[in-house]
file work38.cif (mmCIF, N, CA and C atoms)
data_start
#
loop_
_atom_site.label_atom_id
_atom_site.label_comp_id
_atom_site.auth_asym_id
_atom_site.auth_seq_id
_atom_site.Cartn_x
_atom_site.Cartn_y
_atom_site.Cartn_z
N MET A 1 -22.79 16.16 -33.73
CA MET A 1 -23.85 15.40 -33.11
C MET A 1 -23.77 15.59 -31.61
N GLN A 2 -24.88 15.76 -30.96
CA GLN A 2 -24.89 15.96 -29.53
C GLN A 2 -24.58 14.66 -28.81
N LYS A 3 -24.06 14.79 -27.62
CA LYS A 3 -23.64 13.63 -26.85
C LYS A 3 -24.80 12.66 -26.62
N ASP A 4 -25.99 13.16 -26.23
CA ASP A 4 -27.13 12.29 -25.99
C ASP A 4 -27.53 11.53 -27.24
N SER A 5 -27.55 12.22 -28.39
CA SER A 5 -27.91 11.56 -29.64
C SER A 5 -26.92 10.48 -29.98
N ALA A 6 -25.64 10.75 -29.80
CA ALA A 6 -24.61 9.76 -30.11
C ALA A 6 -24.78 8.53 -29.24
N MET A 7 -25.11 8.74 -27.96
CA MET A 7 -25.30 7.59 -27.08
C MET A 7 -26.53 6.79 -27.46
N ASN A 8 -27.61 7.46 -27.85
CA ASN A 8 -28.81 6.76 -28.27
C ASN A 8 -28.56 5.94 -29.52
N ILE A 9 -27.84 6.52 -30.47
CA ILE A 9 -27.53 5.79 -31.70
C ILE A 9 -26.68 4.57 -31.37
N ARG A 10 -25.68 4.74 -30.52
CA ARG A 10 -24.81 3.63 -30.17
C ARG A 10 -25.62 2.53 -29.49
N ALA A 11 -26.52 2.91 -28.60
CA ALA A 11 -27.33 1.92 -27.90
C ALA A 11 -28.21 1.15 -28.86
N LYS A 12 -28.79 1.83 -29.83
CA LYS A 12 -29.67 1.18 -30.79
C LYS A 12 -28.91 0.33 -31.79
N ALA A 13 -27.70 0.75 -32.13
CA ALA A 13 -26.95 0.08 -33.19
C ALA A 13 -26.03 -1.02 -32.67
N SER A 14 -25.87 -1.13 -31.36
CA SER A 14 -24.90 -2.10 -30.86
C SER A 14 -25.36 -3.51 -31.18
N VAL A 15 -24.40 -4.31 -31.53
CA VAL A 15 -24.65 -5.71 -31.86
C VAL A 15 -23.84 -6.54 -30.89
N LYS A 16 -24.50 -7.44 -30.19
CA LYS A 16 -23.81 -8.28 -29.22
C LYS A 16 -23.15 -9.45 -29.95
N THR A 17 -21.87 -9.62 -29.71
CA THR A 17 -21.15 -10.75 -30.28
C THR A 17 -20.33 -11.41 -29.18
N ALA A 18 -20.16 -12.72 -29.27
CA ALA A 18 -19.40 -13.45 -28.27
C ALA A 18 -17.92 -13.08 -28.37
N ALA A 19 -17.42 -13.03 -29.58
CA ALA A 19 -16.00 -12.71 -29.77
C ALA A 19 -15.82 -12.08 -31.13
N LYS A 20 -14.84 -11.21 -31.22
CA LYS A 20 -14.52 -10.62 -32.51
C LYS A 20 -13.68 -11.63 -33.28
N THR A 21 -14.20 -12.09 -34.40
CA THR A 21 -13.51 -13.15 -35.14
C THR A 21 -13.10 -12.74 -36.53
N SER A 22 -13.42 -11.53 -36.93
CA SER A 22 -13.12 -11.10 -38.28
C SER A 22 -12.75 -9.63 -38.28
N THR A 23 -12.14 -9.19 -39.37
CA THR A 23 -11.76 -7.79 -39.48
C THR A 23 -12.31 -7.22 -40.78
N PHE A 24 -12.39 -5.90 -40.82
CA PHE A 24 -12.72 -5.20 -42.05
C PHE A 24 -11.43 -4.82 -42.74
N PRO A 25 -11.47 -4.66 -44.05
CA PRO A 25 -10.25 -4.25 -44.74
C PRO A 25 -9.82 -2.86 -44.29
N PRO A 26 -8.52 -2.59 -44.36
CA PRO A 26 -8.05 -1.25 -44.00
C PRO A 26 -8.72 -0.21 -44.88
N LEU A 27 -8.91 0.95 -44.34
CA LEU A 27 -9.61 2.00 -45.05
C LEU A 27 -8.71 3.21 -45.18
N ARG A 28 -8.39 3.58 -46.40
CA ARG A 28 -7.55 4.76 -46.65
C ARG A 28 -8.47 5.97 -46.82
N VAL A 29 -8.18 7.01 -46.06
CA VAL A 29 -8.95 8.25 -46.15
C VAL A 29 -7.98 9.42 -46.16
N ASN A 30 -8.49 10.58 -46.60
CA ASN A 30 -7.63 11.77 -46.56
C ASN A 30 -7.60 12.32 -45.14
N GLU A 31 -6.64 13.16 -44.88
CA GLU A 31 -6.45 13.71 -43.54
C GLU A 31 -7.67 14.50 -43.06
N GLU A 32 -8.32 15.19 -43.98
CA GLU A 32 -9.49 15.99 -43.61
C GLU A 32 -10.59 15.12 -43.03
N LEU A 33 -10.86 13.98 -43.68
CA LEU A 33 -11.91 13.08 -43.20
C LEU A 33 -11.50 12.47 -41.86
N ARG A 34 -10.26 12.05 -41.73
CA ARG A 34 -9.80 11.48 -40.46
C ARG A 34 -9.91 12.51 -39.33
N SER A 35 -9.51 13.74 -39.60
CA SER A 35 -9.60 14.79 -38.59
C SER A 35 -11.04 15.05 -38.19
N ALA A 36 -11.94 15.05 -39.17
CA ALA A 36 -13.36 15.26 -38.88
C ALA A 36 -13.90 14.13 -38.02
N ALA A 37 -13.50 12.90 -38.32
CA ALA A 37 -13.95 11.74 -37.53
C ALA A 37 -13.41 11.84 -36.10
N GLU A 38 -12.16 12.19 -35.96
CA GLU A 38 -11.57 12.31 -34.63
C GLU A 38 -12.23 13.44 -33.84
N ALA A 39 -12.59 14.50 -34.51
CA ALA A 39 -13.26 15.62 -33.85
C ALA A 39 -14.67 15.24 -33.39
N ALA A 40 -15.27 14.26 -34.04
CA ALA A 40 -16.62 13.84 -33.70
C ALA A 40 -16.66 12.85 -32.53
N LEU A 41 -15.51 12.35 -32.12
CA LEU A 41 -15.48 11.37 -31.04
C LEU A 41 -15.96 11.98 -29.73
N ILE A 42 -16.67 11.19 -28.95
CA ILE A 42 -17.05 11.64 -27.62
C ILE A 42 -15.97 11.18 -26.65
N GLU A 43 -15.95 11.77 -25.49
CA GLU A 43 -14.90 11.49 -24.51
C GLU A 43 -14.79 9.98 -24.24
N GLY A 44 -13.58 9.45 -24.36
CA GLY A 44 -13.33 8.04 -24.10
C GLY A 44 -13.57 7.12 -25.28
N GLU A 45 -14.10 7.64 -26.35
CA GLU A 45 -14.40 6.83 -27.53
C GLU A 45 -13.17 6.73 -28.42
N THR A 46 -12.94 5.55 -28.97
CA THR A 46 -11.83 5.37 -29.89
C THR A 46 -12.32 5.49 -31.32
N LEU A 47 -11.39 5.74 -32.21
CA LEU A 47 -11.74 5.81 -33.62
C LEU A 47 -12.27 4.47 -34.11
N SER A 48 -11.69 3.38 -33.64
CA SER A 48 -12.17 2.04 -34.01
C SER A 48 -13.61 1.83 -33.57
N ALA A 49 -13.93 2.24 -32.35
CA ALA A 49 -15.30 2.10 -31.84
C ALA A 49 -16.26 2.95 -32.66
N PHE A 50 -15.81 4.15 -33.04
CA PHE A 50 -16.63 5.04 -33.86
C PHE A 50 -16.93 4.41 -35.22
N VAL A 51 -15.91 3.83 -35.84
CA VAL A 51 -16.09 3.19 -37.16
C VAL A 51 -17.01 1.98 -37.03
N LEU A 52 -16.81 1.17 -35.99
CA LEU A 52 -17.66 0.00 -35.78
C LEU A 52 -19.11 0.42 -35.58
N GLU A 53 -19.32 1.45 -34.78
CA GLU A 53 -20.67 1.95 -34.55
C GLU A 53 -21.31 2.44 -35.86
N ALA A 54 -20.52 3.13 -36.68
CA ALA A 54 -21.03 3.64 -37.96
C ALA A 54 -21.44 2.48 -38.87
N ILE A 55 -20.66 1.43 -38.87
CA ILE A 55 -20.99 0.26 -39.70
C ILE A 55 -22.27 -0.39 -39.19
N GLN A 56 -22.36 -0.59 -37.87
CA GLN A 56 -23.56 -1.21 -37.29
C GLN A 56 -24.79 -0.36 -37.55
N TYR A 57 -24.66 0.95 -37.37
CA TYR A 57 -25.78 1.85 -37.58
C TYR A 57 -26.25 1.80 -39.03
N ASN A 58 -25.34 1.81 -39.97
CA ASN A 58 -25.71 1.79 -41.37
C ASN A 58 -26.29 0.46 -41.82
N ILE A 59 -25.84 -0.63 -41.23
CA ILE A 59 -26.46 -1.93 -41.51
C ILE A 59 -27.91 -1.90 -41.07
N GLN A 60 -28.15 -1.39 -39.86
CA GLN A 60 -29.51 -1.28 -39.33
C GLN A 60 -30.36 -0.34 -40.19
N ARG A 61 -29.80 0.80 -40.57
CA ARG A 61 -30.53 1.78 -41.38
C ARG A 61 -30.91 1.19 -42.73
N ARG A 62 -29.99 0.49 -43.35
CA ARG A 62 -30.30 -0.10 -44.65
C ARG A 62 -31.33 -1.21 -44.55
N ALA A 63 -31.30 -1.97 -43.47
CA ALA A 63 -32.32 -3.00 -43.26
C ALA A 63 -33.70 -2.34 -43.13
N MET A 64 -33.76 -1.22 -42.38
CA MET A 64 -35.04 -0.51 -42.23
C MET A 64 -35.50 0.05 -43.57
N GLN A 65 -34.56 0.55 -44.38
CA GLN A 65 -34.93 1.06 -45.71
C GLN A 65 -35.50 -0.06 -46.57
N GLN A 66 -34.87 -1.22 -46.53
CA GLN A 66 -35.36 -2.35 -47.32
C GLN A 66 -36.75 -2.78 -46.87
N GLU A 67 -36.98 -2.79 -45.55
CA GLU A 67 -38.30 -3.13 -45.02
C GLU A 67 -39.34 -2.10 -45.45
N PHE A 68 -38.97 -0.82 -45.44
CA PHE A 68 -39.86 0.26 -45.85
C PHE A 68 -40.26 0.08 -47.32
N VAL A 69 -39.29 -0.19 -48.17
CA VAL A 69 -39.57 -0.38 -49.59
C VAL A 69 -40.45 -1.62 -49.78
N ALA A 70 -40.16 -2.68 -49.05
CA ALA A 70 -40.96 -3.90 -49.17
C ALA A 70 -42.41 -3.63 -48.77
N ARG A 71 -42.62 -2.87 -47.68
CA ARG A 71 -43.99 -2.54 -47.28
C ARG A 71 -44.68 -1.69 -48.34
N GLY A 72 -43.94 -0.75 -48.92
CA GLY A 72 -44.52 0.10 -49.96
C GLY A 72 -44.91 -0.70 -51.19
N LEU A 73 -44.04 -1.62 -51.60
CA LEU A 73 -44.35 -2.45 -52.76
C LEU A 73 -45.53 -3.37 -52.47
N ALA A 74 -45.61 -3.89 -51.25
CA ALA A 74 -46.74 -4.74 -50.89
C ALA A 74 -48.04 -3.93 -50.89
N ALA A 75 -48.00 -2.71 -50.39
CA ALA A 75 -49.18 -1.85 -50.39
C ALA A 75 -49.60 -1.53 -51.83
N ARG A 76 -48.62 -1.26 -52.68
CA ARG A 76 -48.92 -0.99 -54.09
C ARG A 76 -49.60 -2.20 -54.72
N ASP A 77 -49.04 -3.38 -54.47
CA ASP A 77 -49.62 -4.59 -55.05
C ASP A 77 -51.02 -4.85 -54.52
N ASP A 78 -51.22 -4.59 -53.22
CA ASP A 78 -52.54 -4.77 -52.63
C ASP A 78 -53.55 -3.80 -53.24
N ALA A 79 -53.13 -2.55 -53.44
CA ALA A 79 -54.02 -1.56 -54.05
C ALA A 79 -54.37 -1.96 -55.48
N ARG A 80 -53.39 -2.44 -56.21
CA ARG A 80 -53.67 -2.89 -57.58
C ARG A 80 -54.63 -4.08 -57.59
N ARG A 81 -54.43 -4.98 -56.64
CA ARG A 81 -55.26 -6.19 -56.59
C ARG A 81 -56.69 -5.86 -56.20
N THR A 82 -56.85 -4.96 -55.20
CA THR A 82 -58.19 -4.66 -54.71
C THR A 82 -58.85 -3.49 -55.43
N GLY A 83 -58.03 -2.66 -56.06
CA GLY A 83 -58.57 -1.46 -56.71
C GLY A 83 -58.87 -0.35 -55.73
N LYS A 84 -58.47 -0.50 -54.47
CA LYS A 84 -58.73 0.51 -53.45
C LYS A 84 -57.50 1.39 -53.29
N TYR A 85 -57.69 2.66 -53.58
CA TYR A 85 -56.61 3.64 -53.49
C TYR A 85 -57.07 4.78 -52.59
N VAL A 86 -56.13 5.49 -52.01
CA VAL A 86 -56.43 6.68 -51.21
C VAL A 86 -55.81 7.86 -51.94
N SER A 87 -56.59 8.89 -52.16
CA SER A 87 -56.09 10.05 -52.90
C SER A 87 -55.08 10.82 -52.07
N ALA A 88 -54.21 11.55 -52.73
CA ALA A 88 -53.23 12.39 -52.05
C ALA A 88 -53.94 13.42 -51.18
N GLU A 89 -55.05 13.95 -51.66
CA GLU A 89 -55.79 14.94 -50.90
C GLU A 89 -56.29 14.36 -49.58
N ALA A 90 -56.77 13.12 -49.61
CA ALA A 90 -57.28 12.47 -48.39
C ALA A 90 -56.13 12.23 -47.40
N VAL A 91 -54.99 11.81 -47.91
CA VAL A 91 -53.83 11.58 -47.05
C VAL A 91 -53.39 12.88 -46.40
N LEU A 92 -53.28 13.94 -47.19
CA LEU A 92 -52.86 15.23 -46.66
C LEU A 92 -53.87 15.78 -45.65
N ALA A 93 -55.15 15.59 -45.91
CA ALA A 93 -56.17 16.05 -44.98
C ALA A 93 -56.04 15.29 -43.65
N GLY A 94 -55.79 14.01 -43.73
CA GLY A 94 -55.59 13.22 -42.51
C GLY A 94 -54.37 13.68 -41.73
N LEU A 95 -53.30 13.99 -42.43
CA LEU A 95 -52.09 14.49 -41.77
C LEU A 95 -52.35 15.84 -41.12
N ASP A 96 -53.09 16.70 -41.82
CA ASP A 96 -53.43 18.01 -41.25
C ASP A 96 -54.24 17.85 -39.96
N LYS A 97 -55.19 16.91 -39.94
CA LYS A 97 -55.98 16.66 -38.74
C LYS A 97 -55.10 16.19 -37.59
N THR A 98 -54.17 15.28 -37.90
CA THR A 98 -53.27 14.77 -36.87
C THR A 98 -52.42 15.89 -36.30
N LEU A 99 -51.88 16.74 -37.16
CA LEU A 99 -51.07 17.86 -36.70
C LEU A 99 -51.88 18.82 -35.84
N ALA A 100 -53.11 19.10 -36.26
CA ALA A 100 -53.97 20.01 -35.50
C ALA A 100 -54.27 19.44 -34.11
N ARG A 101 -54.53 18.12 -34.03
CA ARG A 101 -54.79 17.48 -32.73
C ARG A 101 -53.57 17.56 -31.83
N LYS A 102 -52.41 17.30 -32.41
CA LYS A 102 -51.17 17.35 -31.61
C LYS A 102 -50.89 18.77 -31.12
N ALA A 103 -51.11 19.74 -31.99
CA ALA A 103 -50.89 21.14 -31.62
C ALA A 103 -51.85 21.56 -30.50
N ALA A 104 -53.11 21.12 -30.61
CA ALA A 104 -54.10 21.46 -29.59
C ALA A 104 -53.76 20.80 -28.26
N ALA A 105 -53.22 19.59 -28.30
CA ALA A 105 -52.87 18.87 -27.07
C ALA A 105 -51.70 19.52 -26.36
N ARG A 106 -50.83 20.21 -27.09
CA ARG A 106 -49.67 20.87 -26.48
C ARG A 106 -50.05 22.14 -25.75
N LYS A 107 -51.18 22.73 -26.10
CA LYS A 107 -51.58 24.02 -25.51
C LYS A 107 -52.19 23.86 -24.16
#
call {"tool": "encode", "arguments": {"input": "work38.cif", "output": "C-alpha cells"}}
result
Amino acid sequence: MQKDSAMNIRAKASVKTAAKTSTFPPLRVNEELRSAAEAALIEGETLSAFVLEAIQYNIQRRAMQQEFVARGLAARDDARRTGKYVSAEAVLAGLDKTLARKAAARK
C-alpha cells in the first residue's frame, strides 16, 4: 500500500477515545503473516498501531456494507410496493452516458 493511501485510510478510520480501557485477546499468527505485517508498516508506525487501524478500518467497512445492503433491500421493497422497476439496459445506458460525459470533460 502506498504511503499516501495508508495515511488516508488511517485518517478515515481513526476513532477518538478518551482513554484506552480495554484490550483485544492475544492473536497467534504464523511467522509469515507477522513478517508481512511488519513489512507493511510505514516509518514510525508500530505493529500495535497497525493492528488497531486495521480493526477500526474493518469496523467502518462492515458498517458501510450493512448500510449498502439495507439501502438495497429498501429499494427492492419500494420497487415491489410501487411496481416501478428500472431495466438493466436502462441502467447500463445511463452509466455509458455518464462515462462518455466524464471522458469528454477530460479532453
call {"tool": "atom_distance", "arguments": {"input": "work38.cif", "atom1": "CA of Glu53 in chain A", "atom2": "CA of Leu41 in chain A"}}
result
11.3 Å
call {"tool": "select_by_dssp", "arguments": {"input": "work38.cif", "residues": "chain A", "states": "alpha helix (DSSP H)", "output": "MDAnalysis selection string"}}
result
chainID A and resid 3:13 31:40 47:82 88:106
call {"tool": "atom_distance", "arguments": {"input": "work38.cif", "atom1": "atom N of Arg76 in chain A", "atom2": "atom C of Val91 in chain A"}}
result
16.2 Å
call {"tool": "resolve_selection", "arguments": {"input": "work38.cif", "expression": "the PyMOL selection byres (((chain A and resi 37 and name CA) around 12) and name CA)", "output": "PyMOL selection string"}}
result
chain A and resi 1+29-36+38-42+45-51+54
call {"tool": "atom_distance", "arguments": {"input": "work38.cif", "atom1": "atom N of Arg28 in chain A", "atom2": "atom N of Gly44 in chain A"}}
result
23.4 Å
